$ cat start-v7.csv   # CSV, N, CA and C atoms
chain,number,residue,atom,x,y,z
A,28,THR,N,-1.4,9.9,-3.8
A,28,THR,CA,-0.9,8.7,-3.1
A,28,THR,C,-0.8,9.0,-1.6
A,29,LEU,N,-1.3,8.1,-0.8
A,29,LEU,CA,-1.1,8.1,0.6
A,29,LEU,C,-0.2,7.0,1.0
A,30,ALA,N,0.7,7.3,1.9
A,30,ALA,CA,1.6,6.3,2.5
A,30,ALA,C,1.5,6.4,4.0
A,31,GLY,N,1.2,5.3,4.6
A,31,GLY,CA,1.0,5.3,6.1
A,31,GLY,C,1.0,4.0,6.7
A,32,GLU,N,0.7,4.0,8.0
A,32,GLU,CA,0.6,2.8,8.8
A,32,GLU,C,-0.8,2.4,9.0
A,33,VAL,N,-1.1,1.1,8.8
A,33,VAL,CA,-2.4,0.6,8.9
A,33,VAL,C,-2.8,0.5,10.4
A,34,THR,N,-4.0,1.1,10.7
A,34,THR,CA,-4.4,1.1,12.1
A,34,THR,C,-5.7,0.2,12.3
A,35,LYS,N,-6.4,0.0,11.2
A,35,LYS,CA,-7.6,-0.8,11.4
A,35,LYS,C,-8.1,-1.3,10.0
A,36,ILE,N,-8.7,-2.4,9.9
A,36,ILE,CA,-9.3,-2.9,8.7
A,36,ILE,C,-10.8,-3.3,9.0
A,37,GLU,N,-11.7,-2.8,8.2
A,37,GLU,CA,-13.1,-3.1,8.3
A,37,GLU,C,-13.5,-3.9,7.1
A,38,TRP,N,-13.6,-5.2,7.3
A,38,TRP,CA,-13.9,-6.2,6.2
A,38,TRP,C,-15.4,-6.4,6.2
A,39,ILE,N,-16.1,-5.4,5.7
A,39,ILE,CA,-17.6,-5.4,5.7
A,39,ILE,C,-18.2,-5.2,4.4
A,40,ASN,N,-19.4,-5.6,4.2
A,40,ASN,CA,-20.2,-5.2,3.0
A,40,ASN,C,-20.9,-3.9,3.2
A,41,PRO,N,-21.1,-3.0,2.2
A,41,PRO,CA,-20.8,-3.3,0.8
A,41,PRO,C,-19.3,-3.0,0.4
A,42,ASP,N,-18.6,-2.3,1.2
A,42,ASP,CA,-17.2,-2.0,0.9
A,42,ASP,C,-16.3,-2.1,2.1
A,43,ALA,N,-15.1,-2.6,1.8
A,43,ALA,CA,-14.1,-2.7,2.9
A,43,ALA,C,-13.4,-1.4,3.1
A,44,TRP,N,-12.9,-1.1,4.3
A,44,TRP,CA,-12.2,0.1,4.6
A,44,TRP,C,-10.9,-0.2,5.2
A,45,ILE,N,-9.8,0.5,4.8
A,45,ILE,CA,-8.5,0.4,5.4
A,45,ILE,C,-8.3,1.8,6.0
A,46,HIS,N,-7.9,1.7,7.3
A,46,HIS,CA,-7.7,2.9,8.1
A,46,HIS,C,-6.1,3.1,8.2
A,47,LEU,N,-5.7,4.3,7.9
A,47,LEU,CA,-4.2,4.6,7.9
A,47,LEU,C,-3.9,5.8,8.8
A,48,ASP,N,-2.8,5.9,9.4
A,48,ASP,CA,-2.2,7.1,10.0
A,48,ASP,C,-1.2,7.5,9.0
A,49,VAL,N,-1.4,8.7,8.5
A,49,VAL,CA,-0.5,9.3,7.5
A,49,VAL,C,0.2,10.6,8.0
A,50,VAL,N,1.5,10.7,7.9
A,50,VAL,CA,2.2,11.9,8.4
A,50,VAL,C,2.2,12.9,7.3
A,51,ASP,N,1.6,14.1,7.5
A,51,ASP,CA,1.5,15.1,6.5
A,51,ASP,C,2.8,15.9,6.4
A,52,ALA,N,2.8,16.9,5.5
A,52,ALA,CA,4.0,17.7,5.2
A,52,ALA,C,4.5,18.5,6.4
A,53,GLN,N,3.6,18.8,7.4
A,53,GLN,CA,3.9,19.5,8.6
A,53,GLN,C,4.3,18.6,9.7
A,54,GLY,N,4.4,17.3,9.5
A,54,GLY,CA,4.8,16.3,10.5
A,54,GLY,C,3.7,15.9,11.4
A,55,GLU,N,2.4,16.3,11.1
A,55,GLU,CA,1.3,15.9,11.9
A,55,GLU,C,0.7,14.6,11.4
A,56,THR,N,0.2,13.8,12.3
A,56,THR,CA,-0.4,12.5,11.9
A,56,THR,C,-1.9,12.7,11.6
A,57,VAL,N,-2.3,12.3,10.4
A,57,VAL,CA,-3.7,12.5,10.0
A,57,VAL,C,-4.3,11.1,9.8
A,58,ALA,N,-5.5,10.9,10.3
A,58,ALA,CA,-6.2,9.7,10.1
A,58,ALA,C,-6.9,9.7,8.8
A,59,TRP,N,-6.8,8.6,8.0
A,59,TRP,CA,-7.4,8.4,6.7
A,59,TRP,C,-8.2,7.1,6.7
A,60,MET,N,-9.4,7.1,6.0
A,60,MET,CA,-10.2,5.9,5.8
A,60,MET,C,-10.2,5.8,4.3
A,61,VAL,N,-9.7,4.6,3.8
A,61,VAL,CA,-9.7,4.4,2.3
A,61,VAL,C,-10.6,3.3,2.0
A,62,GLU,N,-11.6,3.6,1.1
A,62,GLU,CA,-12.6,2.7,0.7
A,62,GLU,C,-12.1,1.8,-0.4
A,63,GLY,N,-12.3,0.5,-0.3
A,63,GLY,CA,-12.0,-0.5,-1.3
A,63,GLY,C,-13.3,-1.1,-1.8
A,64,GLY,N,-13.1,-2.1,-2.6
A,64,GLY,CA,-14.3,-2.8,-3.1
A,64,GLY,C,-14.9,-3.8,-2.1
A,65,THR,N,-15.8,-4.6,-2.5
A,65,THR,CA,-16.4,-5.6,-1.6
A,65,THR,C,-15.4,-6.6,-1.1
A,66,PRO,N,-15.6,-7.2,0.0
A,66,PRO,CA,-14.6,-8.2,0.5
A,66,PRO,C,-14.4,-9.3,-0.6
A,67,ASN,N,-15.5,-9.7,-1.3
A,67,ASN,CA,-15.4,-10.7,-2.3
A,67,ASN,C,-14.5,-10.3,-3.5
A,68,THR,N,-14.6,-9.0,-3.9
A,68,THR,CA,-13.8,-8.5,-4.9
A,68,THR,C,-12.3,-8.4,-4.5
A,69,LEU,N,-12.1,-8.0,-3.3
A,69,LEU,CA,-10.7,-7.9,-2.8
A,69,LEU,C,-10.1,-9.3,-2.7
A,70,LEU,N,-10.9,-10.3,-2.3
A,70,LEU,CA,-10.4,-11.7,-2.2
A,70,LEU,C,-9.9,-12.2,-3.6
A,71,ARG,N,-10.7,-11.8,-4.6
A,71,ARG,CA,-10.4,-12.2,-6.0
A,71,ARG,C,-9.1,-11.5,-6.5
A,72,ALA,N,-8.9,-10.3,-5.9
A,72,ALA,CA,-7.7,-9.5,-6.3
A,72,ALA,C,-6.4,-10.0,-5.5
A,73,GLY,N,-6.6,-10.9,-4.5
A,73,GLY,CA,-5.5,-11.4,-3.8
A,73,GLY,C,-5.3,-10.7,-2.4
A,74,ILE,N,-6.3,-10.0,-2.0
A,74,ILE,CA,-6.2,-9.4,-0.6
A,74,ILE,C,-7.2,-10.1,0.3
A,75,ASN,N,-6.8,-10.5,1.4
A,75,ASN,CA,-7.7,-11.1,2.4
A,75,ASN,C,-7.5,-10.4,3.8
A,76,LYS,N,-8.2,-10.9,4.8
A,76,LYS,CA,-8.2,-10.2,6.1
A,76,LYS,C,-6.8,-10.2,6.7
A,77,ASN,N,-5.9,-11.1,6.3
A,77,ASN,CA,-4.6,-11.2,6.9
A,77,ASN,C,-3.5,-10.6,6.0
A,78,SER,N,-3.9,-10.1,4.8
A,78,SER,CA,-2.9,-9.5,3.9
A,78,SER,C,-2.3,-8.2,4.3
A,79,ILE,N,-3.1,-7.5,5.1
A,79,ILE,CA,-2.7,-6.1,5.5
A,79,ILE,C,-2.7,-6.1,7.0
A,80,PRO,N,-1.7,-6.6,7.7
A,80,PRO,CA,-1.7,-6.6,9.2
A,80,PRO,C,-1.6,-5.2,9.8
A,81,ILE,N,-2.3,-5.0,10.9
A,81,ILE,CA,-2.2,-3.8,11.6
A,81,ILE,C,-0.8,-3.4,11.9
A,82,GLY,N,-0.4,-2.2,11.7
A,82,GLY,CA,1.0,-1.7,11.9
A,82,GLY,C,1.8,-1.8,10.6
A,83,SER,N,1.3,-2.4,9.5
A,83,SER,CA,2.1,-2.5,8.3
A,83,SER,C,2.1,-1.2,7.6
A,84,GLU,N,3.1,-0.9,6.8
A,84,GLU,CA,3.2,0.3,6.0
A,84,GLU,C,2.8,0.0,4.6
A,85,ILE,N,1.9,0.8,4.1
A,85,ILE,CA,1.4,0.6,2.7
A,85,ILE,C,1.3,1.9,2.0
A,86,LYS,N,1.2,1.9,0.7
A,86,LYS,CA,0.9,3.1,-0.1
A,86,LYS,C,-0.5,2.8,-0.8
A,87,VAL,N,-1.3,3.8,-0.8
A,87,VAL,CA,-2.6,3.7,-1.5
A,87,VAL,C,-2.8,4.8,-2.5
A,88,ARG,N,-3.1,4.4,-3.7
A,88,ARG,CA,-3.4,5.4,-4.7
A,88,ARG,C,-4.9,5.5,-4.9
A,89,GLY,N,-5.4,6.7,-5.0
A,89,GLY,CA,-6.9,6.8,-5.1
A,89,GLY,C,-7.3,8.3,-5.2
A,90,TYR,N,-8.5,8.6,-4.8
A,90,TYR,CA,-9.1,9.9,-5.0
A,90,TYR,C,-9.7,10.3,-3.6
A,91,GLN,N,-9.4,11.5,-3.2
A,91,GLN,CA,-9.9,12.1,-2.0
A,91,GLN,C,-11.4,12.3,-2.2
A,92,ALA,N,-12.2,12.1,-1.1
A,92,ALA,CA,-13.6,12.4,-1.2
A,92,ALA,C,-13.9,13.9,-1.4
A,93,LYS,N,-15.0,14.2,-2.0
A,93,LYS,CA,-15.3,15.6,-2.2
A,93,LYS,C,-15.5,16.4,-0.9
A,94,ASP,N,-16.0,15.7,0.2
A,94,ASP,CA,-16.1,16.3,1.5
A,94,ASP,C,-14.7,16.3,2.2
A,95,LYS,N,-14.1,17.4,2.2
A,95,LYS,CA,-12.7,17.5,2.7
A,95,LYS,C,-12.7,17.9,4.2
A,96,ARG,N,-13.8,17.8,4.9
A,96,ARG,CA,-13.8,18.1,6.4
A,96,ARG,C,-12.9,17.2,7.2
A,97,CYS,N,-12.7,16.0,6.7
A,97,CYS,CA,-11.9,15.0,7.5
A,97,CYS,C,-12.4,14.7,8.9
A,98,GLN,N,-13.7,14.6,9.0
A,98,GLN,CA,-14.3,14.2,10.3
A,98,GLN,C,-15.1,12.9,10.1
A,99,PRO,N,-14.9,11.9,10.8
A,99,PRO,CA,-13.9,11.7,11.9
A,99,PRO,C,-12.5,11.5,11.3
A,100,ALA,N,-12.4,11.2,10.0
A,100,ALA,CA,-11.1,11.0,9.4
A,100,ALA,C,-11.2,11.5,7.9
A,101,CYS,N,-10.1,11.8,7.3
A,101,CYS,CA,-10.1,12.1,5.9
A,101,CYS,C,-10.5,10.8,5.1
A,102,LYS,N,-11.3,10.9,4.0
A,102,LYS,CA,-11.7,9.8,3.3
A,102,LYS,C,-11.3,9.8,1.8
A,103,ALA,N,-11.0,8.6,1.3
A,103,ALA,CA,-10.6,8.5,-0.1
A,103,ALA,C,-11.1,7.2,-0.6
A,104,ASN,N,-11.2,7.1,-1.9
A,104,ASN,CA,-11.6,5.9,-2.6
A,104,ASN,C,-10.4,5.4,-3.2
A,105,GLY,N,-10.0,4.2,-2.8
A,105,GLY,CA,-8.7,3.6,-3.2
A,105,GLY,C,-8.8,2.9,-4.6
A,106,ARG,N,-7.8,3.1,-5.4
A,106,ARG,CA,-7.6,2.5,-6.7
A,106,ARG,C,-6.8,1.3,-6.6
A,107,ASP,N,-5.6,1.4,-6.0
A,107,ASP,CA,-4.7,0.3,-5.8
A,107,ASP,C,-3.9,0.5,-4.5
A,108,VAL,N,-3.3,-0.6,-4.0
A,108,VAL,CA,-2.5,-0.6,-2.8
A,108,VAL,C,-1.2,-1.3,-3.1
A,109,THR,N,-0.1,-0.7,-2.6
A,109,THR,CA,1.2,-1.2,-2.8
A,109,THR,C,1.8,-1.6,-1.4
A,110,PHE,N,2.2,-2.9,-1.3
A,110,PHE,CA,2.7,-3.4,0.0
A,110,PHE,C,4.2,-3.1,0.1
A,111,ALA,N,4.8,-3.2,1.3
A,111,ALA,CA,6.2,-2.9,1.5
A,111,ALA,C,7.1,-3.7,0.6
A,112,ASN,N,6.7,-4.9,0.2
A,112,ASN,CA,7.6,-5.7,-0.7
A,112,ASN,C,7.4,-5.4,-2.1
A,113,GLY,N,6.7,-4.3,-2.4
A,113,GLY,CA,6.5,-3.8,-3.8
A,113,GLY,C,5.3,-4.4,-4.5
A,114,LYS,N,4.7,-5.4,-4.0
A,114,LYS,CA,3.5,-6.0,-4.6
A,114,LYS,C,2.4,-5.0,-4.7
A,115,LYS,N,1.8,-4.9,-5.9
A,115,LYS,CA,0.7,-3.9,-6.1
A,115,LYS,C,-0.5,-4.6,-6.5
A,116,VAL,N,-1.7,-4.3,-5.9
A,116,VAL,CA,-3.0,-4.9,-6.3
A,116,VAL,C,-4.1,-3.9,-6.4
A,117,PHE,N,-5.0,-4.2,-7.3
A,117,PHE,CA,-6.2,-3.3,-7.4
A,117,PHE,C,-7.1,-3.5,-6.2
A,118,MET,N,-7.6,-2.4,-5.7
A,118,MET,CA,-8.4,-2.4,-4.5
A,118,MET,C,-9.9,-2.8,-4.8
A,119,GLY,N,-10.2,-2.9,-6.1
A,119,GLY,CA,-11.6,-3.4,-6.4
A,119,GLY,C,-12.7,-2.4,-6.3
A,120,SER,N,-12.3,-1.1,-6.0
A,120,SER,CA,-13.3,-0.1,-5.9
A,120,SER,C,-13.9,0.3,-7.2
A,121,SER,N,-15.2,0.6,-7.2
A,121,SER,CA,-15.8,1.0,-8.5
A,121,SER,C,-16.7,2.2,-8.3
A,122,GLY,N,-17.1,2.8,-9.4
A,122,GLY,CA,-18.0,3.9,-9.3
A,122,GLY,C,-17.4,5.1,-8.6
A,123,THR,N,-16.1,5.4,-8.8
A,123,THR,CA,-15.5,6.5,-8.0
A,123,THR,C,-16.0,7.8,-8.4
A,124,GLY,N,-16.3,8.0,-9.7
A,124,GLY,CA,-16.7,9.3,-10.2
A,124,GLY,C,-15.4,10.1,-10.4
A,125,ALA,N,-14.3,9.5,-10.2
A,125,ALA,CA,-13.0,10.2,-10.4
A,125,ALA,C,-12.7,10.4,-11.8
A,126,PRO,N,-11.9,11.4,-12.1
A,126,PRO,CA,-11.5,11.6,-13.5
A,126,PRO,C,-10.7,10.5,-14.1
A,127,ARG,N,-10.8,10.3,-15.4
A,127,ARG,CA,-10.0,9.2,-16.0
A,127,ARG,C,-8.6,9.7,-16.1
A,128,ASP,N,-7.7,8.9,-15.6
A,128,ASP,CA,-6.3,9.4,-15.5
A,128,ASP,C,-5.4,8.5,-16.3
A,129,GLY,N,-5.9,7.5,-17.1
A,129,GLY,CA,-5.1,6.7,-17.9
A,129,GLY,C,-4.5,5.5,-17.2
A,130,ALA,N,-4.8,5.4,-15.9
A,130,ALA,CA,-4.2,4.3,-15.1
A,130,ALA,C,-4.9,2.9,-15.5
A,131,ASP,N,-6.1,3.0,-15.9
A,131,ASP,CA,-6.8,1.8,-16.3
A,131,ASP,C,-6.8,1.6,-17.8
A,132,PRO,N,-6.1,0.6,-18.3
A,132,PRO,CA,-5.9,0.4,-19.7
A,132,PRO,C,-7.2,0.1,-20.4
A,133,THR,N,-8.3,-0.2,-19.7
A,133,THR,CA,-9.6,-0.4,-20.4
A,133,THR,C,-10.4,0.9,-20.6
A,134,GLU,N,-9.9,2.0,-19.9
A,134,GLU,CA,-10.6,3.2,-20.1
A,134,GLU,C,-10.3,3.8,-21.5
A,135,SER,N,-11.3,4.4,-22.1
A,135,SER,CA,-11.0,5.1,-23.4
A,135,SER,C,-10.8,6.5,-23.0
A,136,ARG,N,-10.0,7.2,-23.8
A,136,ARG,CA,-9.6,8.5,-23.5
A,136,ARG,C,-10.5,9.5,-24.3
$ encode --input "start-v7.csv" --output "structure tokens"
Amino acid sequence: TLAGEVTKIEWINPDAWIHLDVVDAQGETVAWMVEGGTPNTLLRAGINKNSIPIGSEIKVRGYQAKDKRCQPACKANGRDVTFANGKKVFMGSSGTGAPRDGADPTESR
């Protein structure tokens, strides 16, 4: 899970990107790019361009990319986002290749 401040939103096809500044365990700020689903998928999940204002604090649960170089930013594939008010929505991402973790009730074990 990443918790950080939103610095930029890229509302583009084929996938939307949420950029976050996350403070790590050493107190350093690390830039992250979290991939979501298509803008259309996010709209159907209840997320639009104005849902995540720049400067807002959010939590994103997902999977870090296999490429851990973090250039120009660390990258992750987002599963869901939790807003400051506690509202949680699916980020619409698909095809993560991530291990089944039981979070999706439609996944068979």
$ closest_residue --input "start-v7.csv" --among "A:Asp107, A:Lys76, A:Lys102, A:Val116" --to "Ala58 in chain A" --atoms "only N, CA and C atoms"
A:Lys102
$ closest_residue --input "start-v7.csv" --among "A:Trp59, A:Glu84, A:Leu69, A:Asp42" --to "Ala100 in chain A" --atoms "only N, CA and C atoms"
A:Trp59
$ atom_distance --input "start-v7.csv" --atom1 "atom N of Ala72 in chain A" --atom2 "atom C of Val57 in chain A"
26.9 Å
$ residues_around --input "start-v7.csv" --residues "Gln91 in chain A" --least-positions-apart "4" --cutoff "9 Å" --atoms "only C-alpha atoms" --output "list in words"
Val61, Lys95, Cys101, Lys102, Ala103, Asn104 and Gly105 of chain A
$ write_last_selection --input "start-v7.csv" --atoms "N, CA and C atoms" --output "short mmCIF file (atom, residue, chain, number, x, y, z; two decimals), keeping the file's coordinate frame"
data_model
loop_
_atom_site.label_atom_id
_atom_site.label_comp_id
_atom_site.auth_asym_id
_atom_site.auth_seq_id
_atom_site.Cartn_x
_atom_site.Cartn_y
_atom_site.Cartn_z
N VAL A 61 -9.70 4.60 3.80
CA VAL A 61 -9.70 4.40 2.30
C VAL A 61 -10.60 3.30 2.00
N LYS A 95 -14.10 17.40 2.20
CA LYS A 95 -12.70 17.50 2.70
C LYS A 95 -12.70 17.90 4.20
N CYS A 101 -10.10 11.80 7.30
CA CYS A 101 -10.10 12.10 5.90
C CYS A 101 -10.50 10.80 5.10
N LYS A 102 -11.30 10.90 4.00
CA LYS A 102 -11.70 9.80 3.30
C LYS A 102 -11.30 9.80 1.80
N ALA A 103 -11.00 8.60 1.30
CA ALA A 103 -10.60 8.50 -0.10
C ALA A 103 -11.10 7.20 -0.60
N ASN A 104 -11.20 7.10 -1.90
CA ASN A 104 -11.60 5.90 -2.60
C ASN A 104 -10.40 5.40 -3.20
N GLY A 105 -10.00 4.20 -2.80
CA GLY A 105 -8.70 3.60 -3.20
C GLY A 105 -8.80 2.90 -4.60
#
$ select_by_dssp --input "start-v7.csv" --residues "chain A" --states "strand (DSSP E or B)" --output "PyMOL selection string"
chain A and resi 29-37+44-50+56-62+84-91+101-109+115-117
$ select_by_dssp --input "start-v7.csv" --residues "chain A" --states "alpha helix (DSSP H)" --output "ChimeraX atom specification"
/A:66-72
$ closest_atom_pairs --input "start-v7.csv" --of "range 57-118 of chain A" --to "range 29-32 of chain A" --cutoff "8 Å" --atoms "only N, CA and C atoms" --output "JSON lines"
{"residue": "A:Pro80", "atom": "C", "partner": "A:Glu32", "partner_atom": "C", "distance": 7.7}
{"residue": "A:Ile81", "atom": "C", "partner": "A:Glu32", "partner_atom": "C", "distance": 6.5}
{"residue": "A:Gly82", "atom": "C", "partner": "A:Glu32", "partner_atom": "CA", "distance": 5.1}
{"residue": "A:Ser83", "atom": "C", "partner": "A:Glu32", "partner_atom": "CA", "distance": 4.4}
{"residue": "A:Glu84", "atom": "CA", "partner": "A:Gly31", "partner_atom": "C", "distance": 4.4}
{"residue": "A:Ile85", "atom": "N", "partner": "A:Gly31", "partner_atom": "C", "distance": 4.2}
{"residue": "A:Lys86", "atom": "CA", "partner": "A:Ala30", "partner_atom": "CA", "distance": 4.2}
{"residue": "A:Val87", "atom": "N", "partner": "A:Leu29", "partner_atom": "C", "distance": 3.8}
{"residue": "A:Arg88", "atom": "N", "partner": "A:Leu29", "partner_atom": "N", "distance": 5.0}
{"residue": "A:Gly89", "atom": "N", "partner": "A:Leu29", "partner_atom": "N", "distance": 6.0}
$ atom_distance --input "start-v7.csv" --atom1 "atom C of Pro66 in chain A" --atom2 "atom C of Met118 in chain A"
9.0 Å
$ closest_residue --input "start-v7.csv" --among "A:Asp51, A:Thr68, A:Ile74, A:Gln98" --to "Ile36 in chain A" --atoms "only C-alpha atoms"
A:Ile74
$ atom_distance --input "start-v7.csv" --atom1 "CA of Phe110 in chain A" --atom2 "CA of Asn77 in chain A"
12.7 Å
$ axis_aligned_box --input "start-v7.csv" --around "range 39-45 of chain A" --padding-each-side "6 Å" --output "lines of an AutoDock Vina configuration file"
center_x = -14.7
center_y = -1.9
center_z = 3.2
size_x = 24.8
size_y = 19.4
size_z = 17.6
$ closest_residue --input "start-v7.csv" --among "A:Trp44, A:Gly119, A:Gly54, A:Ile39" --to "Leu70 in chain A" --atoms "only C-alpha atoms"
A:Gly119
$ closest_residue --input "start-v7.csv" --among "A:Asn75, A:Asn67, A:Thr28, A:Asn40" --to "Tyr90 in chain A" --atoms "only N, CA and C atoms"
A:Thr28
